[in-house]
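File shown: input_15.cif. Contents: mmCIF, C-alpha atoms and all ligand atoms.
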data_structure
#
loop_
_atom_site.label_atom_id
_atom_site.label_comp_id
_atom_site.auth_asym_id
_atom_site.auth_seq_id
_atom_site.Cartn_x
_atom_site.Cartn_y
_atom_site.Cartn_z
CA MET W 1 0.00 0.00 0.00
CA ARG W 2 2.81 2.43 0.89
CA GLN W 3 4.34 1.84 -2.55
CA PHE W 4 1.00 2.52 -4.29
CA ILE W 5 0.60 5.73 -2.28
CA GLU W 6 4.15 6.91 -2.98
CA GLY W 7 3.63 6.65 -6.73
CA LEU W 8 0.06 7.97 -6.73
CA PRO W 9 -0.09 11.35 -8.53
CA LYS W 10 -1.18 13.95 -5.99
CA VAL W 11 -2.55 17.48 -5.88
CA GLU W 12 -2.11 19.55 -2.72
CA LEU W 13 -4.64 22.31 -1.95
CA HIS W 14 -3.96 23.13 1.71
CA LEU W 15 -0.36 23.93 2.53
CA HIS W 16 1.02 26.89 4.48
CA ILE W 17 4.49 27.67 3.15
CA GLU W 18 5.56 28.92 6.60
CA GLY W 19 4.51 25.49 7.90
CA THR W 20 7.14 23.77 5.73
CA LEU W 21 10.03 25.36 7.65
CA GLU W 22 11.97 22.29 8.82
CA PRO W 23 14.03 22.70 12.03
CA GLU W 24 17.31 22.31 10.09
CA LEU W 25 16.45 25.21 7.75
CA MET W 26 15.16 27.26 10.72
CA PHE W 27 18.60 26.86 12.30
CA GLU W 28 20.44 27.70 9.09
CA LEU W 29 18.36 30.86 8.52
CA ALA W 30 18.69 31.94 12.17
CA ASN W 31 22.50 31.74 11.80
CA ARG W 32 22.52 33.41 8.38
CA ASN W 33 20.38 36.33 9.62
CA GLY W 34 21.74 36.63 13.16
CA ILE W 35 18.33 35.90 14.73
CA GLU W 36 18.16 34.41 18.23
CA ILE W 37 15.91 31.38 18.61
CA PRO W 38 15.15 29.71 21.95
CA TYR W 39 16.57 26.30 20.89
CA SER W 40 20.08 24.87 20.76
CA SER W 41 19.54 22.17 18.10
CA PRO W 42 17.04 20.96 15.48
CA GLN W 43 16.26 17.98 17.78
CA GLN W 44 15.33 20.39 20.57
CA ILE W 45 13.03 22.24 18.16
CA ARG W 46 11.27 18.98 17.26
CA GLN W 47 10.83 18.13 20.95
CA ALA W 48 9.05 21.46 21.48
CA TYR W 49 6.39 20.50 18.92
CA GLN W 50 3.84 19.15 21.41
CA PHE W 51 0.51 20.86 20.89
CA HIS W 52 -2.77 20.62 22.76
CA ASN W 53 -4.87 22.78 20.44
CA LEU W 54 -4.63 25.16 17.46
CA GLN W 55 -3.50 28.17 19.52
CA SER W 56 -0.63 26.33 21.22
CA PHE W 57 0.65 25.44 17.73
CA LEU W 58 0.17 28.94 16.29
CA ASP W 59 2.23 30.52 19.10
CA ILE W 60 5.26 28.38 18.20
CA TYR W 61 4.64 28.60 14.45
CA TYR W 62 4.61 32.42 14.32
CA GLN W 63 7.80 32.46 16.40
CA GLY W 64 9.50 30.10 13.91
CA ALA W 65 8.66 32.43 11.02
CA ASN W 66 10.86 35.17 12.57
CA VAL W 67 13.97 33.68 10.91
CA LEU W 68 12.57 34.49 7.43
CA ILE W 69 14.01 37.87 6.44
CA THR W 70 15.27 38.10 2.85
CA GLU W 71 13.80 37.23 -0.55
CA GLN W 72 16.37 34.42 -0.72
CA ASP W 73 14.99 32.97 2.56
CA PHE W 74 11.48 32.77 1.08
CA PHE W 75 12.93 31.27 -2.09
CA ASP W 76 14.89 28.63 -0.13
CA LEU W 77 11.85 27.75 1.98
CA THR W 78 9.65 27.28 -1.08
CA TRP W 79 12.27 25.41 -3.06
CA ALA W 80 12.75 22.93 -0.17
CA TYR W 81 8.98 22.28 -0.15
CA LEU W 82 8.92 21.74 -3.93
CA GLN W 83 11.58 19.07 -3.56
CA LYS W 84 9.32 17.28 -1.07
CA CYS W 85 6.55 17.57 -3.67
CA GLN W 86 8.78 15.89 -6.22
CA GLN W 87 9.55 13.02 -3.79
CA ASP W 88 5.83 12.57 -3.03
CA ASN W 89 4.74 12.86 -6.66
CA VAL W 90 2.73 16.03 -6.03
CA LEU W 91 2.13 17.37 -9.56
CA HIS W 92 0.18 20.51 -8.69
CA THR W 93 0.11 22.53 -5.47
CA GLU W 94 -1.78 25.59 -4.22
CA ILE W 95 0.19 27.31 -1.51
CA PHE W 96 -0.94 29.65 1.29
CA PHE W 97 1.24 32.41 2.62
CA ASP W 98 0.54 34.78 5.53
CA PRO W 99 1.84 38.23 4.52
CA GLN W 100 0.88 39.86 7.84
CA THR W 101 3.20 37.51 9.77
CA HIS W 102 6.05 39.15 7.87
CA THR W 103 4.91 42.72 7.12
CA ASN W 104 4.15 43.21 10.85
CA ARG W 105 7.89 42.53 11.47
CA GLY W 106 8.93 45.12 8.90
CA ILE W 107 9.50 42.72 5.96
CA ALA W 108 8.22 44.15 2.67
CA PHE W 109 5.26 42.40 1.00
CA ALA W 110 7.30 42.26 -2.24
CA THR W 111 10.19 40.45 -0.50
CA VAL W 112 7.85 37.66 0.59
CA VAL W 113 5.83 37.24 -2.59
CA ASN W 114 8.77 37.59 -4.99
CA GLY W 115 10.88 34.99 -3.15
CA ILE W 116 8.05 32.44 -3.12
CA HIS W 117 7.06 33.20 -6.72
CA ARG W 118 10.61 32.81 -8.07
CA ALA W 119 10.84 29.32 -6.52
CA LEU W 120 7.44 28.39 -7.97
CA GLN W 121 8.59 29.43 -11.45
CA LYS W 122 11.71 27.28 -11.08
CA GLY W 123 9.48 24.41 -9.86
CA GLN W 124 7.38 24.70 -13.00
CA GLN W 125 10.43 24.84 -15.30
CA GLU W 126 12.68 22.25 -13.69
CA LEU W 127 10.28 19.88 -11.88
CA ALA W 128 7.12 20.31 -14.01
CA ILE W 129 5.16 21.08 -10.83
CA SER W 130 2.35 23.55 -11.51
CA SER W 131 1.22 25.83 -8.71
CA HIS W 132 -0.84 28.78 -7.53
CA LEU W 133 -0.39 31.16 -4.62
CA ILE W 134 -3.14 32.09 -2.14
CA MET W 135 -2.68 34.94 0.32
CA CYS W 136 -4.29 34.36 3.74
CA PHE W 137 -5.54 37.00 6.15
CA LEU W 138 -4.80 36.30 9.83
CA ARG W 139 -8.21 36.16 11.49
CA HIS W 140 -6.92 37.12 14.97
CA LEU W 141 -6.04 40.53 13.48
CA SER W 142 -8.56 43.20 12.46
CA GLN W 143 -10.47 43.50 9.20
CA GLN W 144 -8.75 46.89 8.77
CA SER W 145 -5.37 45.13 8.74
CA ALA W 146 -6.72 42.63 6.18
CA LEU W 147 -7.96 45.52 3.98
CA GLU W 148 -4.50 47.12 4.09
CA THR W 149 -2.93 43.76 3.17
CA LEU W 150 -5.31 43.46 0.22
CA GLN W 151 -4.13 46.88 -1.01
CA GLN W 152 -0.50 45.73 -0.77
CA ALA W 153 -1.34 42.66 -2.87
CA LEU W 154 -2.85 44.61 -5.79
CA PRO W 155 0.48 45.29 -7.59
CA HIS W 156 1.19 41.51 -7.37
CA LYS W 157 -2.15 40.31 -8.76
CA ASP W 158 -0.40 38.35 -11.50
CA LYS W 159 1.26 36.14 -8.83
CA ILE W 160 -1.70 35.58 -6.47
CA ILE W 161 -4.83 33.70 -7.52
CA GLY W 162 -6.89 33.98 -4.38
CA VAL W 163 -7.31 35.00 -0.77
CA GLY W 164 -7.93 32.81 2.28
CA LEU W 165 -8.51 33.09 6.01
CA ASP W 166 -6.45 31.30 8.65
CA SER W 167 -5.15 31.49 12.26
CA SER W 168 -7.30 31.31 15.45
CA GLU W 169 -10.81 30.23 14.44
CA LEU W 170 -12.53 30.38 17.83
CA GLY W 171 -13.84 33.90 18.47
CA ASN W 172 -12.99 35.07 14.92
CA PRO W 173 -15.98 34.10 12.75
CA PRO W 174 -16.21 34.55 8.96
CA GLN W 175 -18.52 37.60 9.29
CA LYS W 176 -15.60 39.60 10.76
CA PHE W 177 -14.05 39.52 7.25
CA ALA W 178 -17.13 39.81 5.01
CA GLN W 179 -16.18 43.26 3.69
CA VAL W 180 -12.56 42.46 2.79
CA PHE W 181 -13.64 39.26 1.02
CA GLN W 182 -16.26 41.22 -1.00
CA GLN W 183 -13.52 43.66 -1.94
CA ALA W 184 -11.14 40.82 -2.90
CA ILE W 185 -13.81 39.22 -5.11
CA LYS W 186 -14.36 42.60 -6.83
CA GLU W 187 -10.61 42.72 -7.53
CA GLY W 188 -10.85 39.32 -9.23
CA PHE W 189 -9.43 37.04 -6.52
CA LEU W 190 -10.93 33.61 -5.83
CA THR W 191 -11.68 32.93 -2.15
CA VAL W 192 -11.24 30.08 0.34
CA ALA W 193 -11.38 29.99 4.15
CA HIS W 194 -10.44 27.77 7.09
CA ALA W 195 -13.73 26.84 8.77
CA GLY W 196 -15.00 24.02 10.96
CA GLU W 197 -11.51 22.98 12.09
CA GLU W 198 -11.83 23.93 15.78
CA GLY W 199 -14.79 26.22 15.25
CA PRO W 200 -18.46 25.26 14.84
CA SER W 201 -20.13 23.96 11.66
CA SER W 202 -21.93 27.32 11.36
CA HIS W 203 -18.57 28.82 10.32
CA ILE W 204 -18.64 26.53 7.24
CA GLN W 205 -22.09 27.79 6.23
CA ASP W 206 -21.07 31.40 6.90
CA ALA W 207 -17.86 31.07 4.89
CA MET W 208 -19.96 29.97 1.91
CA THR W 209 -22.64 32.64 2.19
CA LEU W 210 -20.61 35.61 3.48
CA LEU W 211 -17.16 35.00 1.96
CA GLY W 212 -18.16 33.39 -1.37
CA VAL W 213 -15.60 30.61 -1.00
CA SER W 214 -14.79 28.03 -3.69
CA ARG W 215 -13.43 25.61 -1.05
CA ILE W 216 -13.55 25.10 2.70
CA ASP W 217 -10.21 24.42 4.41
CA HIS W 218 -10.61 21.60 6.96
CA GLY W 219 -14.43 21.62 7.36
CA VAL W 220 -14.42 18.34 9.30
CA ARG W 221 -16.96 19.67 11.84
CA CYS W 222 -19.62 19.59 9.06
CA VAL W 223 -20.80 16.25 10.48
CA ASP W 224 -22.45 18.16 13.35
CA ASP W 225 -25.10 19.53 10.96
CA PRO W 226 -26.94 17.01 8.71
CA LYS W 227 -28.53 19.80 6.64
CA LEU W 228 -25.13 21.33 5.95
CA MET W 229 -23.87 17.88 4.91
CA GLN W 230 -26.61 17.77 2.25
CA ILE W 231 -25.71 21.26 1.03
CA LEU W 232 -22.02 20.30 0.75
CA GLN W 233 -22.98 17.19 -1.23
CA VAL W 234 -25.31 19.02 -3.61
CA LEU W 235 -22.88 21.90 -4.21
CA LYS W 236 -19.90 19.53 -4.40
CA MET W 237 -18.17 21.99 -2.09
CA PRO W 238 -14.58 20.79 -1.67
CA LEU W 239 -13.15 20.28 1.82
CA THR W 240 -9.34 20.36 2.07
CA VAL W 241 -8.80 17.94 4.94
CA CYS W 242 -5.47 17.56 6.79
CA PRO W 243 -5.30 14.28 8.75
CA LEU W 244 -1.93 14.57 10.55
CA SER W 245 -2.68 18.20 11.45
CA ASN W 246 -6.03 17.23 12.95
CA ILE W 247 -4.40 14.60 15.18
CA LYS W 248 -1.51 16.84 16.31
CA LEU W 249 -3.95 19.68 17.15
CA LYS W 250 -6.39 17.29 18.89
CA VAL W 251 -9.31 17.90 16.53
CA PHE W 252 -9.68 14.08 16.70
CA ASP W 253 -8.34 11.89 19.49
CA SER W 254 -6.82 9.33 17.11
CA MET W 255 -6.33 8.67 13.38
CA GLN W 256 -8.84 5.78 13.66
CA GLU W 257 -11.48 8.33 14.66
CA HIS W 258 -10.70 10.69 11.78
CA ASN W 259 -13.78 11.18 9.59
CA VAL W 260 -12.27 11.80 6.13
CA VAL W 261 -13.08 8.30 4.83
CA GLU W 262 -16.64 8.54 6.18
CA LEU W 263 -17.02 11.90 4.40
CA LEU W 264 -15.71 10.34 1.17
CA HIS W 265 -18.24 7.49 1.48
CA GLN W 266 -21.00 10.05 1.97
CA GLY W 267 -20.11 11.54 -1.42
CA LEU W 268 -18.44 14.74 -0.25
CA CYS W 269 -15.65 16.25 -2.32
CA VAL W 270 -12.92 15.66 0.28
CA THR W 271 -9.19 15.93 -0.41
CA ILE W 272 -6.08 15.01 1.62
CA ASN W 273 -3.44 17.65 2.39
CA SER W 274 -0.51 18.32 4.72
CA ASP W 275 -1.25 21.83 6.20
CA ASP W 276 2.03 22.47 8.09
CA PRO W 277 4.11 19.34 7.42
CA ALA W 278 7.29 20.45 9.21
CA TYR W 279 5.28 20.81 12.43
CA PHE W 280 2.88 17.88 12.11
CA GLY W 281 5.26 15.08 11.14
CA GLY W 282 4.58 14.40 7.48
CA TYR W 283 4.05 15.55 3.91
CA MET W 284 1.44 14.28 1.39
CA THR W 285 2.50 10.63 1.20
CA ASP W 286 2.55 10.38 5.00
CA ASN W 287 -0.93 11.87 5.27
CA PHE W 288 -2.36 9.41 2.72
CA HIS W 289 -0.49 6.55 4.36
CA GLN W 290 -1.71 7.29 7.89
CA ILE W 291 -5.31 7.22 6.65
CA ALA W 292 -4.72 3.96 4.74
CA LEU W 293 -3.14 2.34 7.81
CA THR W 294 -6.05 3.16 10.09
CA HIS W 295 -9.09 2.75 7.81
CA PRO W 296 -10.35 -0.02 5.54
CA ILE W 297 -9.84 1.73 2.19
CA GLU W 298 -9.25 0.55 -1.38
CA SER W 299 -6.74 1.92 -3.89
CA LYS W 300 -9.50 3.38 -6.05
CA GLU W 301 -10.77 5.34 -3.05
CA LEU W 302 -7.28 6.72 -2.41
CA ALA W 303 -7.19 7.73 -6.07
CA GLN W 304 -10.57 9.43 -5.59
CA PHE W 305 -8.89 11.87 -3.19
CA THR W 306 -6.65 12.95 -6.08
CA ARG W 307 -9.62 13.10 -8.50
CA ASN W 308 -11.44 15.36 -6.05
CA ALA W 309 -8.37 17.56 -5.64
CA ILE W 310 -7.99 17.94 -9.42
CA ASP W 311 -11.67 18.98 -9.68
CA ALA W 312 -11.36 21.36 -6.74
CA SER W 313 -8.11 22.95 -7.87
CA PHE W 314 -7.73 26.36 -9.51
CA ALA W 315 -5.71 24.82 -12.35
CA SER W 316 -6.72 25.63 -15.95
CA ASP W 317 -8.99 23.14 -17.75
CA ASP W 318 -6.02 22.02 -19.87
CA ARG W 319 -3.87 21.37 -16.81
CA LYS W 320 -6.77 19.50 -15.15
CA GLN W 321 -7.01 17.22 -18.22
CA ASP W 322 -3.30 16.67 -18.03
CA LEU W 323 -3.48 15.77 -14.32
CA ILE W 324 -6.34 13.31 -14.96
CA ARG W 325 -4.23 11.68 -17.70
CA HIS W 326 -1.34 11.25 -15.23
CA LEU W 327 -3.68 9.69 -12.66
CA GLU W 328 -5.38 7.31 -15.11
CA GLY W 329 -2.02 6.32 -16.60
CA TYR W 330 -0.75 5.43 -13.14
CA LEU W 331 -3.85 3.39 -12.25
CA VAL W 332 -3.66 1.43 -15.52
CA GLN W 333 0.06 0.75 -14.93
CA CYS W 334 -0.74 -0.52 -11.41
CA ILE W 335 -3.17 -3.20 -12.61
CA GLN W 336 -0.77 -4.49 -15.28
N1 LIG P 1 -2.18 28.47 10.00
C1 LIG P 1 -1.35 27.48 9.73
N2 LIG P 1 -1.94 26.30 9.94
C2 LIG P 1 -3.19 26.55 10.36
C3 LIG P 1 -4.30 25.76 10.73
N3 LIG P 1 -4.25 24.43 10.74
N4 LIG P 1 -5.42 26.37 11.12
C4 LIG P 1 -5.49 27.71 11.13
N5 LIG P 1 -4.49 28.50 10.79
C5 LIG P 1 -3.35 27.93 10.40
ZN ZN P 2 -4.34 25.31 7.36
#
Now, as a test, write the supplied structure out as C-alpha cells.
Amino acid sequence: MRQFIEGLPKVELHLHIEGTLEPELMFELANRNGIEIPYSSPQQIRQAYQFHNLQSFLDIYYQGANVLITEQDFFDLTWAYLQKCQQDNVLHTEIFFDPQTHTNRGIAFATVVNGIHRALQKGQQELAISSHLIMCFLRHLSQQSALETLQQALPHKDKIIGVGLDSSELGNPPQKFAQVFQQAIKEGFLTVAHAGEEGPSSHIQDAMTLLGVSRIDHGVRCVDDPKLMQILQVLKMPLTVCPLSNIKLKVFDSMQEHNVVELLHQGLCVTINSDDPAYFGGYMTDNFHQIALTHPIESKELAQFTRNAIDASFASDDRKQDLIRHLEGYLVQCIQ
C-alpha cells in the first residue's frame, strides 16, 4: 500500500508555506540572519512540537517564522517544499502564505511574494510542478489590517490567484471579514477559508454565504449539521482535509477516529493535504499513508482523493485534463 501511495499522482490544496520550515532550515536561517531562537539544536526544536490545540501550535509557528528575512529565505523555503513535492509525486500545489506575519515585522510584501514566486517558477520549469499562490488573512487581526494587506497585494495580482482566512478560528468568525472578502472578489481574486476545524459547523455555512468561498479548508466539523452535509454534497463543495494536522492539534483523538473516509463514502468532495508538514510530522504521502493504515480503504478510493483535488483545484482546464491523464495512466500501470 505504501508503494502505491508513494507513486500515486497527488494534488495539494492546503499547505502553508511557513509550515514547511523544517528545524534544520530554521537553524540555518537563524544563523545566516543573526536571529536568536530559543533552541540549541534541530532535535530540541522537534521536541518542542507538542501541541494541545490550534493556539498552542500557532504561538510556536509564528515564532518560527521570525527567521525568514530576505527574498532568498522565502525562495529557499519554497524550493525545499517543492523538492518534497517531487519526492511525493505532487504534480500541482496551491500554496498559502501569511503576509501579515512578515509585514508586521517590517518585511516588505514584495520580498515575501517575490521569493516564493521565483521558486514556484523554477518548480514549473525544472520539476514540471504547476502551482498557484493564495494569500491568507490572519483572522486574529482586524479587518482593517486585512484591507491594508489586500491593497499591498494589488500590484502583485499576477502572482496571487486567491485569498484565504487562517489562524485562530474560535472567536474570529467569517462575518468579521465579510467586507474584505467582498472587496477581494471585486478585484478578481478567488476565495477560500479555514472553517470548521476547531470552530463550529456554522462557520462553514457562513464562509460559503458571506465570503463566497470556492473551497472550505478543513471543514471536518460539518458532520455536526446534517442539513449542511446535504448542502455540501449538492454543491460539491470541496473540503481540504489535513489528517496529521487534525491529530496533532487534537481535533480528533486518534487517526482511527478521523472522519475523512466517512465523508468520502458520503459523497463529499474531500481531499487530503498536509497543512504544516514540518510541524505535524509528514508531507502528502505520510498523510495518505496514515489514513490507509487506520481505515479499511481501497486503492481506487485513495485515487478518488486525487480526482477530487484535481476537480477542486484552480488549475486551468487544460492542466486538469493533463493531471487526470497522469492519474489514469498510473492506475492502468498498477493493474498491469
Ligand atoms: N495556520 C497554519 N496552519 C493553520 C491551521 N491548521 N489552522 C489555522 N491556521 C493555520
Ligand atoms: Zn491550514
Show which residues sit within 12 Å of W:Ile69, as a PyMOL selection string. Count all atoms listed in the file, and ignore same-chain residues fewer than 4 positions away. chain W and resi 26+29-35+64-65+73-77+101-103+105-112+115
Just the selected residues (C-alpha atoms), exported as a PDB file, in the coordinates of the input, please.
ATOM      1  CA  MET W  26      15.160  27.260  10.720  1.00  0.00           C
ATOM      2  CA  LEU W  29      18.360  30.860   8.520  1.00  0.00           C
ATOM      3  CA  ALA W  30      18.690  31.940  12.170  1.00  0.00           C
ATOM      4  CA  ASN W  31      22.500  31.740  11.800  1.00  0.00           C
ATOM      5  CA  ARG W  32      22.520  33.410   8.380  1.00  0.00           C
ATOM      6  CA  ASN W  33      20.380  36.330   9.620  1.00  0.00           C
ATOM      7  CA  GLY W  34      21.740  36.630  13.160  1.00  0.00           C
ATOM      8  CA  ILE W  35      18.330  35.900  14.730  1.00  0.00           C
ATOM      9  CA  GLY W  64       9.500  30.100  13.910  1.00  0.00           C
ATOM     10  CA  ALA W  65       8.660  32.430  11.020  1.00  0.00           C
ATOM     11  CA  ASP W  73      14.990  32.970   2.560  1.00  0.00           C
ATOM     12  CA  PHE W  74      11.480  32.770   1.080  1.00  0.00           C
ATOM     13  CA  PHE W  75      12.930  31.270  -2.090  1.00  0.00           C
ATOM     14  CA  ASP W  76      14.890  28.630  -0.130  1.00  0.00           C
ATOM     15  CA  LEU W  77      11.850  27.750   1.980  1.00  0.00           C
ATOM     16  CA  THR W 101       3.200  37.510   9.770  1.00  0.00           C
ATOM     17  CA  HIS W 102       6.050  39.150   7.870  1.00  0.00           C
ATOM     18  CA  THR W 103       4.910  42.720   7.120  1.00  0.00           C
ATOM     19  CA  ARG W 105       7.890  42.530  11.470  1.00  0.00           C
ATOM     20  CA  GLY W 106       8.930  45.120   8.900  1.00  0.00           C
ATOM     21  CA  ILE W 107       9.500  42.720   5.960  1.00  0.00           C
ATOM     22  CA  ALA W 108       8.220  44.150   2.670  1.00  0.00           C
ATOM     23  CA  PHE W 109       5.260  42.400   1.000  1.00  0.00           C
ATOM     24  CA  ALA W 110       7.300  42.260  -2.240  1.00  0.00           C
ATOM     25  CA  THR W 111      10.190  40.450  -0.500  1.00  0.00           C
ATOM     26  CA  VAL W 112       7.850  37.660   0.590  1.00  0.00           C
ATOM     27  CA  GLY W 115      10.880  34.990  -3.150  1.00  0.00           C
TER      28      GLY W 115
END
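If all atoms listed in the file are the atoms counted, then among W:Arg139, W:His258, W:Arg307, W:His265 the closest residue to W:Ile291 is W:His258.
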Within 8 Å of ligand ZN 2 (chain P), counting only C-alpha atoms and all ligand atoms, residues as a list of chain:residue names: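 So the residues close to ligand ZN 2 (chain P) are W:His14, W:Leu15, W:His16, W:Asp166, W:Ser167, W:His194, W:Asp217, W:His218, W:Cys242, W:Asp275, W:Asp276.
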Residues from last step as file, C-alpha atoms, as a PDB file, keeping the file's coordinate frame:
ATOM      1  CA  HIS W  14      -3.960  23.130   1.710  1.00  0.00           C
ATOM      2  CA  LEU W  15      -0.360  23.930   2.530  1.00  0.00           C
ATOM      3  CA  HIS W  16       1.020  26.890   4.480  1.00  0.00           C
ATOM      4  CA  ASP W 166      -6.450  31.300   8.650  1.00  0.00           C
ATOM      5  CA  SER W 167      -5.150  31.490  12.260  1.00  0.00           C
ATOM      6  CA  HIS W 194     -10.440  27.770   7.090  1.00  0.00           C
ATOM      7  CA  ASP W 217     -10.210  24.420   4.410  1.00  0.00           C
ATOM      8  CA  HIS W 218     -10.610  21.600   6.960  1.00  0.00           C
ATOM      9  CA  CYS W 242      -5.470  17.560   6.790  1.00  0.00           C
ATOM     10  CA  ASP W 275      -1.250  21.830   6.200  1.00  0.00           C
ATOM     11  CA  ASP W 276       2.030  22.470   8.090  1.00  0.00           C
TER      12      ASP W 276
END
Produce as a PyMOL selection string the set of residues near ligand LIG 1 (chain P), where near means within 10 Å with only C-alpha atoms and all ligand atoms considered. chain W and resi 14-19+53-55+57-58+61-62+96-98+136-140+165-169+193-198+217-218+241-242+245-246+248-249+274-277+279-280
Excluding same-chain residues fewer than 6 positions from W:Ile160, what lies within 10 Å of it counting only C-alpha atoms, as number ranges by chain? W: 95-96, 113, 117, 132-135, 153-154, 189-190
Just-selected residues, C-alpha atoms written as a PDB file, in the coordinates of the input:
ATOM      1  CA  ILE W  95       0.190  27.310  -1.510  1.00  0.00           C
ATOM      2  CA  PHE W  96      -0.940  29.650   1.290  1.00  0.00           C
ATOM      3  CA  VAL W 113       5.830  37.240  -2.590  1.00  0.00           C
ATOM      4  CA  HIS W 117       7.060  33.200  -6.720  1.00  0.00           C
ATOM      5  CA  HIS W 132      -0.840  28.780  -7.530  1.00  0.00           C
ATOM      6  CA  LEU W 133      -0.390  31.160  -4.620  1.00  0.00           C
ATOM      7  CA  ILE W 134      -3.140  32.090  -2.140  1.00  0.00           C
ATOM      8  CA  MET W 135      -2.680  34.940   0.320  1.00  0.00           C
ATOM      9  CA  ALA W 153      -1.340  42.660  -2.870  1.00  0.00           C
ATOM     10  CA  LEU W 154      -2.850  44.610  -5.790  1.00  0.00           C
ATOM     11  CA  PHE W 189      -9.430  37.040  -6.520  1.00  0.00           C
ATOM     12  CA  LEU W 190     -10.930  33.610  -5.830  1.00  0.00           C
TER      13      LEU W 190
END
Quote the spacing between atom CA of W:Gln72 and atom CA of W:Ser142 in Å to one decimal place.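 So the two atoms, atom CA of W:Gln72 and atom CA of W:Ser142, lie 29.5 Å apart.
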What gap, in Å, lies between atom CA of W:Lys320 and atom CA of W:Ser214? 16.4 Å
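In this model, the gap between atom CA of W:Gln50 and atom CA of W:Ile116 comes to 28.2 Å.
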Quick one: contact table of stretch 115-136 of chain W to stretch 79-85 of chain W, 9 Å max, nearest atom pair and distance in Å to one decimal per residue, counting only C-alpha atoms, chain and number order, as JSON lines?
{"residue": "W:Ile116", "atom": "CA", "partner": "W:Trp79", "partner_atom": "CA", "distance": 8.2}
{"residue": "W:Ala119", "atom": "CA", "partner": "W:Trp79", "partner_atom": "CA", "distance": 5.4}
{"residue": "W:Leu120", "atom": "CA", "partner": "W:Trp79", "partner_atom": "CA", "distance": 7.5}
{"residue": "W:Lys122", "atom": "CA", "partner": "W:Trp79", "partner_atom": "CA", "distance": 8.3}
{"residue": "W:Gly123", "atom": "CA", "partner": "W:Leu82", "partner_atom": "CA", "distance": 6.5}
{"residue": "W:Leu127", "atom": "CA", "partner": "W:Leu82", "partner_atom": "CA", "distance": 8.3}
{"residue": "W:Ile129", "atom": "CA", "partner": "W:Leu82", "partner_atom": "CA", "distance": 7.9}
Nearest residue to W:Phe51 out of W:Lys157, W:Lys300, W:His203, W:Lys250, using all atoms listed in the file?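 Comparing W:Lys157, W:Lys300, W:His203, W:Lys250 against W:Phe51, the winner is W:Lys250.
Closest to W:Asn89 among W:Ala292, W:Leu25, W:Met284, W:Ile161 is W:Met284, based on all atoms listed in the file.
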Using only C-alpha atoms: which of W:Gln152, W:Thr78, W:Gln179, W:Asn104 has the shortest distance to W:Gln121: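 Residue with the minimum atom-to-atom distance to W:Gln121: W:Thr78.
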Write out as a PyMOL selection string which residues come within 10 Å of stretch 224-235 of chain W when counting all atoms listed in the file, dropping same-chain ones fewer than 2 positions away. chain W and resi 196+200-202+204-205+208+216+220-222+237-239+263+266-269
Take the residues that were just selected and, keeping C-alpha atoms, output them as a PDB file, in the frame of the given file.
ATOM      1  CA  GLY W 196     -15.000  24.020  10.960  1.00  0.00           C
ATOM      2  CA  PRO W 200     -18.460  25.260  14.840  1.00  0.00           C
ATOM      3  CA  SER W 201     -20.130  23.960  11.660  1.00  0.00           C
ATOM      4  CA  SER W 202     -21.930  27.320  11.360  1.00  0.00           C
ATOM      5  CA  ILE W 204     -18.640  26.530   7.240  1.00  0.00           C
ATOM      6  CA  GLN W 205     -22.090  27.790   6.230  1.00  0.00           C
ATOM      7  CA  MET W 208     -19.960  29.970   1.910  1.00  0.00           C
ATOM      8  CA  ILE W 216     -13.550  25.100   2.700  1.00  0.00           C
ATOM      9  CA  VAL W 220     -14.420  18.340   9.300  1.00  0.00           C
ATOM     10  CA  ARG W 221     -16.960  19.670  11.840  1.00  0.00           C
ATOM     11  CA  CYS W 222     -19.620  19.590   9.060  1.00  0.00           C
ATOM     12  CA  MET W 237     -18.170  21.990  -2.090  1.00  0.00           C
ATOM     13  CA  PRO W 238     -14.580  20.790  -1.670  1.00  0.00           C
ATOM     14  CA  LEU W 239     -13.150  20.280   1.820  1.00  0.00           C
ATOM     15  CA  LEU W 263     -17.020  11.900   4.400  1.00  0.00           C
ATOM     16  CA  GLN W 266     -21.000  10.050   1.970  1.00  0.00           C
ATOM     17  CA  GLY W 267     -20.110  11.540  -1.420  1.00  0.00           C
ATOM     18  CA  LEU W 268     -18.440  14.740  -0.250  1.00  0.00           C
ATOM     19  CA  CYS W 269     -15.650  16.250  -2.320  1.00  0.00           C
TER      20      CYS W 269
END
From W:His156, W:Thr240, W:Phe305, W:Ile247, residue lying nearest W:Leu13 [only C-alpha atoms]: W:Thr240
Nearest to W:Ile310 among W:Ile5, W:Val11, W:Thr93, W:Pro38, with distances taken over all atoms listed in the file: which residue is it?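 Ranking W:Ile5, W:Val11, W:Thr93, W:Pro38 by distance to W:Ile310, first place goes to W:Val11.
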Enclose stretch 240-258 of chain W, meaning all of its atoms listed in the file, in a box aligned along x, y and z, pad it by 6 Å on each side, and list the centre and edge lengths in Å to one decimal, as lines of an AutoDock Vina configuration file.
center_x = -6.5
center_y = 13.1
center_z = 10.8
size_x = 22.0
size_y = 26.6
size_z = 29.4
